[in-house]
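So the structure is just underneath, and the comments pick up after that.
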Amino acid sequence: MSDQRVVLVTGAAKRIGAAIARYFHGKGFRVIIHFHRSSIQASAVVKELNANRPDSAMMLSADLGDKEQVAILAKQSLLCFDRIDVLVNNASAFYPTPLEDATQSDWDALIDSNLRGAYFLCQALAPELQARAGAIVNIVDALADKTLPNHSIYSIAKSGLKSMTKSLAVELAPSVRVNAVSPGAILWPSSLENSEDSAVAEKREKILVQIPLGNLGTVEDIAAATYFLACEASYVSGETIKVDGGRSL
């Protein structure tokens with residue numbers, strides 16, 4: 001059995017999740033890429049990482065809204081490299097749900113992907129993480145503290161994930177540390193991607209003036225904070241670090 005540490009990152013096929021997987025891989029971890037529907041992107045990340053270091057990355061599919069699939073994901077992840085040292089709960093669905101239009105299926109989709117799946121994955125992997133003196137890092141959101149109009153269900157889910165971070169930090173102590181990273185403005189939404197559009201540029205500027213550091217962060221900023229909490233902050237547990245350029249101030 002190899003003594004290389006292993007990280008499981010949910011929702012790791014693209015964007016922040018992929019950046020976290022790459023960052024841990026660069027630090028010598030073997031990586032398990034979880035995905036739901038983004039198989040092509042997940043395969044590309046795994047191929048990239050294995051080209052850099054053979055047999056260091058694998059991918060697993062699961063719908064985190066299905067408890068049986070969550071249990072299977074936990075079992076399969078342990079079979080990949082015979083150990084799990086770090087769990088990063090990054091997977092997330094995000095879309096607006098105005099109160100007058102919100103449905104039960106919206107509630108289930110957003111709560112399951114952001115909160116319930118993460119909780120039961122923590123439950124399933126807790127014995128392994130305790131045996132390894134491991135760590136859990138949850139990726140929450142600035143909307144856990146400051147809501148966005150018409151996104152109440154998403155905000156509720158992320159607030160629950162932040163609360164879960166504190167609860168599990170106590171319940172899994174002293175062997176497992178549990179923390180969270182709360183990203184601020186990291187990637188422009190699709191509606192603000194065209195920087196040559198004057199209206200888009202104006203909207204971007206309104207956002208940037210609210211950020212003391214004056215610019216968007218990067219996915220690598222989130223990855224670095226996640227690694228810090230998982231591997232370097234040995235006396236930190238139950239905390240949520242905001243990576244938002246000071247915007248919350």
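Numbering starts fresh at 1 for the residues of each chain in the structure tokens, the chains themselves are lettered A, B, ... in the order given, and ligands are numbered from 1 as they appear.
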Practice problem: Assign secondary structure with DSSP using the backbone only, and return the residues of region 3-243 of chain A in helix (DSSP H, G or I) as a PyMOL selection string. | Solution: chain A and resi 15-26+39-52+67-81+104-131+142-144+152-171+190-192+198-208+219-232
If we count only C-alpha atoms, what is near Leu99 (chain A) at a cut-off of 12 Å, once residues fewer than 2 positions away on the same chain are taken out, given as a compact mmCIF listing (two decimals) with C-alpha atoms, in the first residue's frame?
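out_32.txt written:
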# COMPACT_ATOMS: atom_id res chain seq x y z
CA PRO A 96 -32.40 31.10 -9.28
CA THR A 97 -35.60 30.03 -7.50
CA ASP A 101 -41.99 29.82 -8.89
CA ALA A 102 -39.92 27.50 -6.68
CA THR A 103 -40.87 23.82 -6.76
CA GLN A 104 -40.23 20.78 -4.63
CA ASP A 106 -35.91 22.75 -7.16
CA TRP A 107 -35.63 22.31 -3.40
CA PRO A 149 -32.41 37.93 -4.58
CA ASN A 150 -34.35 34.99 -6.04
CA HIS A 151 -31.77 32.43 -4.85
CA SER A 152 -33.29 31.54 -1.47
CA ILE A 153 -33.02 27.74 -1.76
CA TYR A 154 -29.38 27.90 -2.84
Exercise. Compile the contact shell of Asp63 (chain A) as a PyMOL selection string: residues with an atom at most 12 Å away, counting only C-alpha atoms, same-chain residues fewer than 5 positions apart removed.
Key: chain A and resi 10-11+34-38+68-73+91-93+109+112-114+116-118+121
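Ranking A:Leu172, A:Gln130, A:Leu115, A:Ala157 by their shortest atom-to-atom distance to Lys67 (chain A), with only C-alpha atoms included, puts A:Leu115 first.
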Quiz prompt | Length of the CA of Ala224 (chain A) to CA of Ala19 (chain A) vector [Å] | solution = 9.2 Å
Practice problem: Show which residues sit within 10 Å of Leu249 (chain A), as an NGL selection string. Count only C-alpha atoms, and ignore same-chain residues fewer than 4 positions away. | Solution: :A and (210-212 or 244-245)
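If only C-alpha atoms are the atoms counted, then among A:Cys231, A:Gly238, A:Ser182, A:Gly134 the closest residue to Val170 (chain A) is A:Gly238.
Backbone DSSP assigns strand (DSSP E) in region 49-189 of chain A to Ala57, Met58, Met59, Leu60, Ser61, Val86, Leu87, Val88, Asn89, Ala135, Ile136, Val137, Asn138, Ile139, Arg177, Val178, Asn179, Ala180, Val181, Ser182 and Pro183 of chain A.
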Include C-alpha atoms and write out the residues we just selected as a compact mmCIF listing (two decimals), in the first residue's frame.
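In the end it all went to selection35.txt:
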# COMPACT_ATOMS: atom_id res chain seq x y z
CA ALA A 57 -5.79 10.07 -10.73
CA MET A 58 -9.09 8.27 -11.17
CA MET A 59 -12.69 9.36 -11.83
CA LEU A 60 -16.01 8.24 -10.36
CA SER A 61 -19.55 9.17 -11.30
CA VAL A 86 -8.97 14.43 2.52
CA LEU A 87 -12.55 14.95 1.38
CA VAL A 88 -13.42 18.17 -0.43
CA ASN A 89 -17.17 18.74 -0.81
CA ALA A 135 -9.57 16.47 6.97
CA ILE A 136 -12.78 17.66 5.35
CA VAL A 137 -13.08 20.97 3.51
CA ASN A 138 -16.50 22.20 2.38
CA ILE A 139 -16.79 24.79 -0.37
CA ARG A 177 -10.54 18.60 11.20
CA VAL A 178 -13.50 20.09 9.32
CA ASN A 179 -13.34 23.55 7.75
CA ALA A 180 -14.82 25.51 4.87
CA VAL A 181 -13.79 27.95 2.15
CA SER A 182 -16.24 30.65 1.11
CA PRO A 183 -15.46 31.99 -2.38
Quiz item: Using only C-alpha atoms, which of A:Leu168, A:Ala185, A:Ala42, A:Ala74 sits nearest Gly214 (chain A)?
Solution: A:Ala185
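Closest approach to Ile20 (chain A) among A:Ala225, A:Val209, A:Cys122, A:Ala62 is made by A:Ala225 (distances from only C-alpha atoms).
Note that CA of Ile84 (chain A) and CA of Asp3 (chain A) are 11.1 Å apart.
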Quiz prompt | Atomic distance CA of Ile156 (chain A) - CA of Ala144 (chain A), expressed in Å with one decimal | solution = 7.1 Å
